[in-house]
file entry.txt (compact mmCIF, C-alpha atoms)
# COMPACT_ATOMS: atom_id res chain seq x y z
CA MET A 41 15.50 8.23 -46.09
CA LYS A 42 12.52 10.54 -46.28
CA ILE A 43 9.50 8.35 -46.99
CA CYS A 44 5.81 9.21 -47.31
CA VAL A 45 3.18 6.49 -47.14
CA TYR A 46 0.15 7.63 -49.13
CA GLY A 47 -2.75 5.76 -47.52
CA ALA A 48 -2.29 4.78 -43.87
CA GLY A 49 -4.67 1.82 -43.77
CA ALA A 50 -3.74 -1.68 -42.69
CA ILE A 51 -0.86 -2.34 -45.12
CA GLY A 52 0.30 1.26 -45.40
CA GLY A 53 0.11 1.76 -41.66
CA LEU A 54 2.23 -1.31 -40.98
CA MET A 55 4.83 -0.25 -43.55
CA ALA A 56 4.95 3.28 -42.14
CA ALA A 57 5.31 2.05 -38.57
CA TRP A 58 8.09 -0.44 -39.23
CA LEU A 59 10.04 1.95 -41.48
CA SER A 60 9.79 4.60 -38.77
CA ARG A 61 11.04 2.13 -36.17
CA ALA A 62 14.03 1.46 -38.45
CA GLY A 63 15.00 5.13 -38.26
CA HIS A 64 13.62 6.63 -41.46
CA GLU A 65 11.81 9.98 -41.59
CA VAL A 66 8.29 8.71 -42.24
CA SER A 67 5.09 10.64 -42.80
CA VAL A 68 1.63 9.52 -43.89
CA VAL A 69 -1.18 10.94 -45.97
CA ALA A 70 -4.46 9.94 -44.36
CA ARG A 71 -7.99 11.25 -43.98
CA GLY A 72 -11.07 11.18 -41.77
CA ALA A 73 -11.10 9.23 -38.54
CA GLN A 74 -7.78 7.55 -39.36
CA LEU A 75 -6.04 10.92 -39.68
CA ASP A 76 -7.60 12.23 -36.46
CA ALA A 77 -6.64 9.12 -34.51
CA ILE A 78 -3.01 9.13 -35.71
CA ARG A 79 -2.65 12.80 -34.84
CA ARG A 80 -4.23 12.27 -31.43
CA ASN A 81 -2.70 8.99 -30.25
CA GLY A 82 -0.05 8.06 -32.81
CA LEU A 83 -0.29 5.00 -35.02
CA ARG A 84 -0.72 1.91 -32.86
CA VAL A 85 0.36 -1.49 -34.15
CA ARG A 86 -0.68 -4.80 -32.65
CA SER A 87 1.70 -7.59 -33.61
CA ASN A 88 3.75 -9.79 -31.30
CA ALA A 89 3.63 -6.80 -28.97
CA SER A 90 1.74 -3.51 -29.07
CA GLU A 91 3.67 -0.43 -30.13
CA SER A 92 2.78 3.19 -30.76
CA PHE A 93 4.46 5.38 -33.37
CA ARG A 94 4.36 9.16 -33.55
CA LEU A 95 4.25 10.01 -37.25
CA ARG A 96 3.51 13.22 -39.05
CA ALA A 97 0.08 12.80 -40.62
CA GLU A 98 -1.47 15.17 -43.13
CA SER A 99 -4.46 15.14 -45.45
CA ASP A 100 -2.76 17.51 -47.90
CA PRO A 101 0.52 16.21 -49.39
CA THR A 102 1.63 19.80 -50.04
CA ALA A 103 2.45 20.12 -46.34
CA LEU A 104 4.99 17.27 -46.54
CA GLY A 105 7.21 18.33 -49.43
CA VAL A 106 9.50 16.31 -51.68
CA GLN A 107 10.28 12.73 -50.61
CA ASP A 108 12.89 10.12 -51.48
CA TYR A 109 10.15 7.48 -51.74
CA VAL A 110 6.37 7.60 -51.84
CA LEU A 111 4.66 4.32 -51.00
CA VAL A 112 1.17 4.34 -52.52
CA THR A 113 -0.92 1.85 -50.55
CA VAL A 114 -4.46 2.90 -51.40
CA LYS A 115 -6.86 0.65 -53.27
CA ALA A 116 -7.42 1.02 -57.00
CA GLN A 117 -10.62 3.06 -56.70
CA SER A 118 -8.69 5.77 -54.79
CA LEU A 119 -5.82 6.08 -57.27
CA PRO A 120 -7.35 8.88 -59.41
CA ALA A 121 -7.46 11.06 -56.28
CA VAL A 122 -3.80 10.22 -55.61
CA ALA A 123 -2.91 11.23 -59.17
CA GLY A 124 -4.40 14.67 -58.58
CA THR A 125 -2.50 15.37 -55.36
CA ILE A 126 0.82 13.47 -55.44
CA ALA A 127 2.87 16.07 -57.36
CA PRO A 128 4.13 18.02 -54.28
CA LEU A 129 5.78 14.82 -53.00
CA LEU A 130 7.73 14.17 -56.18
CA GLY A 131 11.16 15.61 -56.82
CA ARG A 132 13.46 14.82 -59.72
CA ASP A 133 14.67 11.55 -58.16
CA THR A 134 11.64 10.48 -56.13
CA SER A 135 10.59 6.85 -56.55
CA VAL A 136 7.01 5.61 -56.20
CA VAL A 137 6.29 2.17 -54.78
CA THR A 138 2.86 0.82 -55.74
CA ALA A 139 1.76 -1.68 -53.09
CA MET A 140 -1.67 -2.85 -54.21
CA ASN A 141 -3.88 -5.77 -55.10
CA GLY A 142 -4.99 -6.54 -58.61
CA VAL A 143 -3.53 -5.34 -61.89
CA PRO A 144 -1.47 -2.13 -61.62
CA TRP A 145 -2.25 0.57 -64.18
CA TRP A 146 1.33 0.33 -65.48
CA PHE A 147 1.07 -3.42 -66.10
CA PHE A 148 1.79 -3.28 -69.86
CA HIS A 149 4.36 -0.50 -69.67
CA GLY A 150 7.31 -2.81 -69.04
CA LEU A 151 6.24 -5.72 -71.24
CA LYS A 152 7.57 -6.34 -74.73
CA GLY A 153 5.42 -5.17 -77.59
CA PRO A 154 3.24 -2.07 -77.98
CA ASP A 155 2.34 -0.10 -74.88
CA SER A 156 -1.32 -0.54 -74.01
CA ARG A 157 -3.11 1.65 -71.48
CA LEU A 158 -5.85 0.04 -69.41
CA GLU A 159 -8.76 2.48 -69.50
CA SER A 160 -10.60 0.75 -66.65
CA LEU A 161 -7.61 1.32 -64.36
CA ASP A 162 -6.20 4.56 -65.77
CA PRO A 163 -9.10 6.59 -67.19
CA GLY A 164 -7.81 9.13 -69.66
CA GLY A 165 -4.21 8.31 -68.74
CA VAL A 166 -4.24 10.50 -65.60
CA LEU A 167 -2.18 8.02 -63.56
CA SER A 168 0.44 7.49 -66.26
CA ARG A 169 0.95 11.25 -66.52
CA ALA A 170 1.07 11.85 -62.76
CA ILE A 171 3.35 8.88 -61.97
CA PRO A 172 5.62 8.06 -64.92
CA THR A 173 6.59 4.41 -65.12
CA GLU A 174 10.30 5.18 -64.83
CA ARG A 175 9.65 6.21 -61.20
CA VAL A 176 7.76 3.03 -60.30
CA VAL A 177 8.76 0.07 -58.16
CA GLY A 178 5.99 -2.54 -57.97
CA CYS A 179 5.25 -4.28 -54.68
CA VAL A 180 3.26 -7.50 -54.25
CA ILE A 181 2.00 -8.05 -50.71
CA HIS A 182 1.84 -11.44 -49.03
CA LEU A 183 0.79 -10.60 -45.49
CA ALA A 184 -2.45 -10.05 -43.60
CA ALA A 185 -3.33 -6.95 -41.59
CA SER A 186 -6.49 -5.12 -40.64
CA THR A 187 -7.66 -1.87 -39.03
CA PRO A 188 -10.00 -2.86 -36.18
CA GLU A 189 -10.45 0.79 -35.22
CA PRO A 190 -9.13 4.19 -36.38
CA GLY A 191 -5.43 4.62 -35.70
CA VAL A 192 -4.89 0.93 -34.96
CA VAL A 193 -3.29 -1.66 -37.25
CA SER A 194 -3.51 -5.34 -36.38
CA HIS A 195 -0.71 -7.35 -38.00
CA ASN A 196 -2.27 -10.78 -38.29
CA MET A 197 0.22 -12.91 -40.19
CA GLY A 198 3.08 -12.90 -42.69
CA SER A 199 5.64 -10.26 -43.65
CA LYS A 200 6.55 -11.07 -47.27
CA LEU A 201 6.90 -8.36 -49.90
CA ILE A 202 8.02 -8.88 -53.50
CA LEU A 203 9.55 -5.83 -55.19
CA GLY A 204 10.43 -5.19 -58.80
CA ALA A 205 10.52 -2.48 -61.45
CA PRO A 206 8.24 -2.81 -64.49
CA GLY A 207 9.83 -4.99 -67.13
CA GLY A 208 12.50 -6.23 -64.71
CA ARG A 209 14.48 -2.98 -64.98
CA ASN A 210 15.72 -3.17 -61.40
CA GLY A 211 18.37 -0.71 -60.32
CA ALA A 212 19.14 1.61 -57.45
CA ARG A 213 15.47 2.57 -56.97
CA THR A 214 14.53 -1.02 -56.27
CA LYS A 215 17.60 -1.89 -54.20
CA ARG A 216 17.36 1.07 -51.81
CA ILE A 217 13.75 0.46 -50.85
CA ALA A 218 14.26 -3.30 -50.73
CA ASP A 219 17.12 -2.81 -48.29
CA ALA A 220 15.08 -0.36 -46.21
CA LEU A 221 12.08 -2.67 -45.95
CA THR A 222 14.30 -5.63 -45.13
CA THR A 223 15.98 -3.71 -42.32
CA ALA A 224 12.54 -2.65 -41.11
CA GLY A 225 11.57 -6.30 -40.58
CA PHE A 226 9.83 -7.37 -43.78
CA ASP A 227 10.72 -10.54 -45.68
CA VAL A 228 11.65 -8.97 -49.01
CA ALA A 229 12.36 -10.63 -52.35
CA VAL A 230 13.39 -8.76 -55.50
CA SER A 231 11.85 -10.07 -58.70
CA ASP A 232 13.02 -9.76 -62.29
CA SER A 233 9.41 -10.35 -63.41
CA ILE A 234 7.15 -8.41 -61.08
CA GLU A 235 4.29 -8.73 -63.59
CA LYS A 236 4.35 -12.51 -63.06
CA ASP A 237 4.28 -12.03 -59.28
CA PHE A 238 1.30 -9.70 -59.57
CA TRP A 239 -0.45 -12.32 -61.71
CA VAL A 240 0.15 -15.11 -59.17
CA LYS A 241 -1.37 -12.90 -56.48
CA LEU A 242 -4.18 -11.94 -58.86
CA LEU A 243 -5.32 -15.56 -59.18
CA GLY A 244 -6.28 -15.50 -55.52
CA ASN A 245 -7.50 -11.90 -55.44
CA VAL A 246 -9.91 -12.30 -58.37
CA SER A 247 -11.41 -15.49 -56.96
CA PHE A 248 -11.27 -15.40 -53.16
CA ASN A 249 -12.01 -11.69 -52.63
CA PRO A 250 -15.31 -11.31 -54.52
CA VAL A 251 -16.59 -14.79 -53.61
CA SER A 252 -15.86 -14.21 -49.94
CA ALA A 253 -17.72 -10.89 -50.05
CA LEU A 254 -20.71 -12.42 -51.83
CA THR A 255 -20.94 -15.27 -49.34
CA VAL A 256 -19.70 -13.34 -46.27
CA THR A 257 -17.43 -16.31 -45.64
CA THR A 258 -13.83 -16.76 -44.53
CA ALA A 259 -11.29 -18.16 -46.97
CA ASP A 260 -10.94 -21.51 -45.25
CA GLN A 261 -14.68 -22.10 -45.50
CA LEU A 262 -14.62 -21.33 -49.22
CA ILE A 263 -11.94 -23.96 -49.73
CA GLN A 264 -13.89 -26.54 -47.71
CA ASN A 265 -17.03 -26.02 -49.82
CA ARG A 266 -16.62 -28.38 -52.78
CA GLU A 267 -18.90 -26.49 -55.19
CA VAL A 268 -17.51 -23.05 -54.31
CA LYS A 269 -13.93 -24.26 -54.57
CA ALA A 270 -14.66 -25.74 -58.01
CA TYR A 271 -16.09 -22.38 -59.13
CA MET A 272 -12.97 -20.55 -57.94
CA VAL A 273 -10.73 -23.04 -59.73
CA GLU A 274 -12.52 -22.27 -63.01
CA ILE A 275 -11.96 -18.55 -62.46
CA MET A 276 -8.26 -19.19 -61.78
CA ARG A 277 -7.98 -21.18 -65.01
CA GLU A 278 -9.44 -18.27 -66.95
CA VAL A 279 -7.08 -15.78 -65.30
CA LEU A 280 -4.12 -18.04 -66.07
CA ALA A 281 -5.19 -18.15 -69.75
CA ILE A 282 -5.55 -14.36 -69.88
CA GLY A 283 -2.04 -13.87 -68.50
CA ARG A 284 -0.50 -16.37 -70.90
CA ALA A 285 -2.19 -14.65 -73.83
CA VAL A 286 -0.31 -11.41 -73.05
CA GLY A 287 3.00 -13.09 -72.25
CA VAL A 288 2.70 -13.39 -68.48
CA ASP A 289 2.63 -17.01 -67.36
CA ALA A 290 1.97 -17.32 -63.62
CA ASP A 291 3.16 -20.92 -63.97
CA ILE A 292 1.15 -22.21 -61.03
CA ASP A 293 -1.63 -24.78 -60.82
CA PRO A 294 -4.93 -23.54 -59.32
CA GLU A 295 -4.71 -26.20 -56.61
CA ALA A 296 -1.25 -24.94 -55.66
CA ARG A 297 -2.59 -21.37 -55.53
CA ILE A 298 -5.41 -22.52 -53.27
CA ASP A 299 -2.82 -24.23 -51.06
CA MET A 300 -1.18 -20.82 -50.59
CA ALA A 301 -4.47 -19.50 -49.19
CA ARG A 302 -5.07 -22.67 -47.18
CA ALA A 303 -1.75 -22.16 -45.41
CA LEU A 304 -3.01 -18.84 -44.04
CA GLY A 305 -5.80 -20.60 -42.13
CA ARG A 306 -9.00 -18.81 -41.19
CA PHE A 307 -9.01 -15.23 -42.43
CA LYS A 308 -11.29 -12.61 -43.93
CA THR A 309 -10.23 -11.26 -47.31
CA SER A 310 -9.80 -7.50 -47.66
CA MET A 311 -13.00 -7.27 -49.74
CA HIS A 312 -14.95 -9.15 -47.07
CA GLN A 313 -13.61 -6.70 -44.46
CA ASP A 314 -14.50 -3.69 -46.64
CA LEU A 315 -18.01 -5.04 -47.22
CA GLU A 316 -18.64 -5.33 -43.49
CA ALA A 317 -17.14 -1.90 -42.84
CA GLY A 318 -19.34 -0.25 -45.48
CA LYS A 319 -16.32 0.86 -47.55
CA PRO A 320 -16.15 0.95 -51.37
CA LEU A 321 -15.18 -2.43 -52.79
CA GLU A 322 -12.05 -2.93 -54.89
CA ILE A 323 -13.92 -4.35 -57.88
CA ASP A 324 -12.39 -2.55 -60.83
CA GLY A 325 -8.79 -3.07 -59.75
CA LEU A 326 -9.35 -6.81 -59.48
CA LEU A 327 -12.00 -7.68 -62.06
CA ALA A 328 -12.56 -4.86 -64.54
CA GLY A 329 -8.86 -4.57 -65.31
CA THR A 330 -8.48 -8.32 -65.71
CA LEU A 331 -11.45 -8.51 -68.05
CA GLU A 332 -10.20 -5.55 -70.10
CA ILE A 333 -6.96 -7.46 -70.66
CA ALA A 334 -9.01 -10.52 -71.62
CA ARG A 335 -10.87 -8.52 -74.27
CA LYS A 336 -7.63 -7.09 -75.66
CA ALA A 337 -6.19 -10.62 -75.85
CA GLY A 338 -9.34 -12.21 -77.29
CA VAL A 339 -9.71 -14.61 -74.35
CA ARG A 340 -13.18 -15.65 -73.19
CA ALA A 341 -13.70 -15.59 -69.44
CA PRO A 342 -17.38 -16.39 -68.67
CA TYR A 343 -16.82 -17.42 -65.05
CA THR A 344 -14.89 -14.25 -64.28
CA GLU A 345 -17.47 -12.13 -66.10
CA SER A 346 -20.31 -13.65 -64.09
CA LEU A 347 -18.45 -12.99 -60.86
CA TYR A 348 -17.85 -9.39 -61.92
CA GLY A 349 -21.56 -8.90 -62.55
CA LEU A 350 -22.56 -10.50 -59.26
CA ILE A 351 -20.18 -8.62 -56.98
CA ARG A 352 -20.88 -5.34 -58.76
CA ALA A 353 -24.63 -5.79 -58.27
CA ARG A 354 -24.07 -6.71 -54.61
CA ALA A 355 -21.94 -3.65 -53.97
CA GLN A 356 -24.27 -1.31 -55.84
CA SER A 357 -27.16 -2.45 -53.64
CA THR A 358 -25.39 -1.01 -50.59
CA GLY A 359 -23.76 2.00 -52.27
CA GLN A 360 -20.29 0.43 -52.16
CA TYR A 361 -19.61 0.65 -55.90
CA ARG A 362 -20.07 3.49 -58.36
call {"tool": "encode", "arguments": {"input": "entry.txt", "output": "structure tokens"}}
result
Amino acid sequence: MKICVYGAGAIGGLMAAWLSRAGHEVSVVARGAQLDAIRRNGLRVRSNASESFRLRAESDPTALGVQDYVLVTVKAQSLPAVAGTIAPLLGRDTSVVTAMNGVPWWFFHGLKGPDSRLESLDPGGVLSRAIPTERVVGCVIHLAASTPEPGVVSHNMGSKLILGAPGGRNGARTKRIADALTTAGFDVAVSDSIEKDFWVKLLGNVSFNPVSALTVTTADQLIQNREVKAYMVEIMREVLAIGRAVGVDADIDPEARIDMARALGRFKTSMHQDLEAGKPLEIDGLLAGTLEIARKAGVRAPYTESLYGLIRARAQSTGQYR
């Protein structure tokens, strides 16, 4: 298949490399030092062994043409820019895989009841217009990777991906990319309720990511700190209540969700890594969207609101949040 990965960071880079190794025609949309490094030396992946992959890399999607699949792997704050430039990659039958943390902008599109756009995630509806929901396959990521230097992806642990179309409407779009990613070496599961899988991941993202960035602490240390762990449990309880109020029950106890993080051992969350690298922090995709849903559902979430205010103030102090 002809596949473009839009955003060749840690997760996108790993997906592009492994799909290329499996024989697909893979290109990437990248920018800055990452783009220059991939063009100069290829995309290098450090996993069980080190490999280098020669991929076509462009900053302008127009140069790549229509694709069978576009895998959007940027963080939420970069999605409006994607919306403005993705059109040249989309043909009549092109599918778009959204591999991201937090609440996807299309979250309510497949749920029963009235459609509800999330303004904090899709300002003015630009994403919904650029990437119609009928093209979308959601992807929840359960693996750890990082970019220690431009053009290099370090695959640290895990390989699990959960795929599913909004509202459980899985068909050929979902099956083809699930098969491709499985053949490429990922541990792929197809879900009939991808919204639930996003919400299970969200419990950890909303709590661990901002708290780790505020404290500049690895996840295992957060769990070991009794007071901090108790604070994160309260946030998880609020997020569980928000999901249930809109018909998405993650059906997991906060302690069990913490056990999922504990099993990963000592690691830096993506927000902790971005803080140290001076990159914009993924605050709106994790917290603003969650709190907008809470307001729509009439659910109070004081712990989550306080965390939102704290991490936003921290990021604004260093120019990492607008």
call {"tool": "closest_residue", "arguments": {"input": "entry.txt", "among": "A:Pro120, A:Pro163, A:Pro101, A:Pro190", "to": "Leu83 in chain A", "atoms": "all atoms listed in the file"}}
result
A:Pro190
call {"tool": "residues_around", "arguments": {"input": "entry.txt", "residues": "Val85 in chain A", "least_positions_apart": "5", "cutoff": "7 Å", "atoms": "only C-alpha atoms", "output": "ChimeraX atom specification"}}
result
/A:90-92,192-194
call {"tool": "closest_residue", "arguments": {"input": "entry.txt", "among": "A:Gly52, A:Gly204, A:Gly305, A:Gly142", "to": "Gly329 in chain A", "atoms": "all atoms listed in the file"}}
result
A:Gly142
call {"tool": "closest_atom_pairs", "arguments": {"input": "entry.txt", "of": "range 276-331 of chain A", "to": "range 341-356 of chain A", "cutoff": "7 Å", "atoms": "all atoms listed in the file", "output": "tab-separated table"}}
result
residue	atom	partner	partner_atom	distance
A:Glu278	CA	A:Ala341	CA	5.6
A:Leu321	CA	A:Ala355	CA	7.0
A:Leu327	CA	A:Tyr348	CA	6.1
call {"tool": "closest_residue", "arguments": {"input": "entry.txt", "among": "A:Val114, A:Met311, A:Ala57, A:Ala259", "to": "Gly82 in chain A", "atoms": "all atoms listed in the file"}}
result
A:Ala57
call {"tool": "atom_distance", "arguments": {"input": "entry.txt", "atom1": "CA of Ala224 in chain A", "atom2": "CA of Thr134 in chain A"}}
result
20.0 Å
call {"tool": "closest_residue", "arguments": {"input": "entry.txt", "among": "A:Lys308, A:Thr330, A:Lys236, A:Val288", "to": "Thr255 in chain A", "atoms": "all atoms listed in the file"}}
result
A:Lys308
call {"tool": "residues_around", "arguments": {"input": "entry.txt", "residues": "range 179-186 of chain A", "least_positions_apart": "5", "cutoff": "7 Å", "atoms": "only C-alpha atoms", "output": "PyMOL selection string"}}
result
chain A and resi 50-51+137-140+193-204+237-238
call {"tool": "write_last_selection", "arguments": {"input": "entry.txt", "atoms": "C-alpha atoms", "output": "short mmCIF file (atom, residue, chain, number, x, y, z; two decimals), in the frame of the given file"}}
result
data_model
loop_
_atom_site.label_atom_id
_atom_site.label_comp_id
_atom_site.auth_asym_id
_atom_site.auth_seq_id
_atom_site.Cartn_x
_atom_site.Cartn_y
_atom_site.Cartn_z
CA ALA A 50 -3.74 -1.68 -42.69
CA ILE A 51 -0.86 -2.34 -45.12
CA VAL A 137 6.29 2.17 -54.78
CA THR A 138 2.86 0.82 -55.74
CA ALA A 139 1.76 -1.68 -53.09
CA MET A 140 -1.67 -2.85 -54.21
CA VAL A 193 -3.29 -1.66 -37.25
CA SER A 194 -3.51 -5.34 -36.38
CA HIS A 195 -0.71 -7.35 -38.00
CA ASN A 196 -2.27 -10.78 -38.29
CA MET A 197 0.22 -12.91 -40.19
CA GLY A 198 3.08 -12.90 -42.69
CA SER A 199 5.64 -10.26 -43.65
CA LYS A 200 6.55 -11.07 -47.27
CA LEU A 201 6.90 -8.36 -49.90
CA ILE A 202 8.02 -8.88 -53.50
CA LEU A 203 9.55 -5.83 -55.19
CA GLY A 204 10.43 -5.19 -58.80
CA ASP A 237 4.28 -12.03 -59.28
CA PHE A 238 1.30 -9.70 -59.57
#
call {"tool": "atom_distance", "arguments": {"input": "entry.txt", "atom1": "CA of Gly49 in chain A", "atom2": "CA of Glu174 in chain A"}}
result
26.1 Å
call {"tool": "closest_residue", "arguments": {"input": "entry.txt", "among": "A:Ser247, A:Ser233, A:Ala317, A:Leu326", "to": "Asp289 in chain A", "atoms": "all atoms listed in the file"}}
result
A:Ser233
call {"tool": "residues_around", "arguments": {"input": "entry.txt", "residues": "Phe148 in chain A", "least_positions_apart": "5", "cutoff": "12 Å", "atoms": "all atoms listed in the file", "output": "ChimeraX atom specification"}}
result
/A:143,153-158,161-162,168,173,206-207,234-236,283,286-288,329,333,336
call {"tool": "residues_near_point", "arguments": {"input": "entry.txt", "point": "(-5.9, -13.6, -62.1)", "cutoff": "8 Å", "atoms": "all atoms listed in the file", "output": "list in words"}}
result
Gly142, Trp239, Val240, Lys241, Leu242, Leu243, Gly244, Asn245, Val246, Ser247, Ile275, Met276, Glu278, Val279, Leu280, Ile282, Gly283 and Thr330 of chain A
call {"tool": "atom_distance", "arguments": {"input": "entry.txt", "atom1": "CA of Arg340 in chain A", "atom2": "CA of Arg277 in chain A"}}
result
11.2 Å
call {"tool": "residues_around", "arguments": {"input": "entry.txt", "residues": "Val110 in chain A", "least_positions_apart": "6", "cutoff": "9 Å", "atoms": "all atoms listed in the file", "output": "NGL selection string"}}
result
:A and (42-46 or 126 or 129-130 or 134-138)
call {"tool": "residues_around", "arguments": {"input": "entry.txt", "residues": "Arg61 in chain A", "least_positions_apart": "3", "cutoff": "12 Å", "atoms": "all atoms listed in the file", "output": "PyMOL selection string"}}
result
chain A and resi 54-58+64-66+83+85+91-95+220-221+223-225
call {"tool": "closest_residue", "arguments": {"input": "entry.txt", "among": "A:Ala89, A:Ile323, A:Ala290, A:Ala127", "to": "Pro250 in chain A", "atoms": "all atoms listed in the file"}}
result
A:Ile323
call {"tool": "decode", "arguments": {"input": "entry.txt", "residues": "range 288-328 of chain A", "atoms": "C-alpha atoms", "output": "PDB file, in the first residue's frame"}}
result
ATOM      1  CA  VAL A 288     -18.298   5.777  27.640  1.00  0.00           C
ATOM      2  CA  ASP A 289     -17.464   3.577  30.606  1.00  0.00           C
ATOM      3  CA  ALA A 290     -13.750   2.763  30.763  1.00  0.00           C
ATOM      4  CA  ASP A 291     -14.703   0.035  33.247  1.00  0.00           C
ATOM      5  CA  ILE A 292     -11.360   0.028  35.023  1.00  0.00           C
ATOM      6  CA  ASP A 293     -10.418   0.817  38.606  1.00  0.00           C
ATOM      7  CA  PRO A 294      -7.833   3.611  39.077  1.00  0.00           C
ATOM      8  CA  GLU A 295      -5.532   1.186  40.891  1.00  0.00           C
ATOM      9  CA  ALA A 296      -5.687  -1.189  37.929  1.00  0.00           C
ATOM     10  CA  ARG A 297      -4.886   1.707  35.569  1.00  0.00           C
ATOM     11  CA  ILE A 298      -1.906   2.624  37.733  1.00  0.00           C
ATOM     12  CA  ASP A 299      -0.796  -1.015  37.577  1.00  0.00           C
ATOM     13  CA  MET A 300      -0.663  -0.665  33.785  1.00  0.00           C
ATOM     14  CA  ALA A 301       1.820   2.192  34.189  1.00  0.00           C
ATOM     15  CA  ARG A 302       3.707   0.366  36.949  1.00  0.00           C
ATOM     16  CA  ALA A 303       4.311  -2.546  34.581  1.00  0.00           C
ATOM     17  CA  LEU A 304       6.242  -0.230  32.256  1.00  0.00           C
ATOM     18  CA  GLY A 305       8.837   0.448  34.955  1.00  0.00           C
ATOM     19  CA  ARG A 306      10.898   3.628  34.975  1.00  0.00           C
ATOM     20  CA  PHE A 307       9.966   5.910  32.092  1.00  0.00           C
ATOM     21  CA  LYS A 308       9.479   9.556  31.229  1.00  0.00           C
ATOM     22  CA  THR A 309       6.038  10.487  29.943  1.00  0.00           C
ATOM     23  CA  SER A 310       5.813  12.228  26.581  1.00  0.00           C
ATOM     24  CA  MET A 311       4.927  15.534  28.278  1.00  0.00           C
ATOM     25  CA  HIS A 312       7.955  15.252  30.559  1.00  0.00           C
ATOM     26  CA  GLN A 313      10.133  14.669  27.479  1.00  0.00           C
ATOM     27  CA  ASP A 314       8.574  17.631  25.651  1.00  0.00           C
ATOM     28  CA  LEU A 315       9.097  19.881  28.669  1.00  0.00           C
ATOM     29  CA  GLU A 316      12.793  19.059  28.799  1.00  0.00           C
ATOM     30  CA  ALA A 317      13.140  19.470  25.027  1.00  0.00           C
ATOM     31  CA  GLY A 318      11.487  22.910  25.085  1.00  0.00           C
ATOM     32  CA  LYS A 319       8.617  21.742  22.838  1.00  0.00           C
ATOM     33  CA  PRO A 320       4.966  22.861  23.134  1.00  0.00           C
ATOM     34  CA  LEU A 321       3.092  20.763  25.673  1.00  0.00           C
ATOM     35  CA  GLU A 322       0.045  18.681  24.740  1.00  0.00           C
ATOM     36  CA  ILE A 323      -2.243  20.351  27.262  1.00  0.00           C
ATOM     37  CA  ASP A 324      -5.411  21.016  25.305  1.00  0.00           C
ATOM     38  CA  GLY A 325      -5.617  17.556  23.760  1.00  0.00           C
ATOM     39  CA  LEU A 326      -5.424  15.948  27.185  1.00  0.00           C
ATOM     40  CA  LEU A 327      -7.034  18.395  29.606  1.00  0.00           C
ATOM     41  CA  ALA A 328      -8.997  21.096  27.801  1.00  0.00           C
TER      42      ALA A 328
END
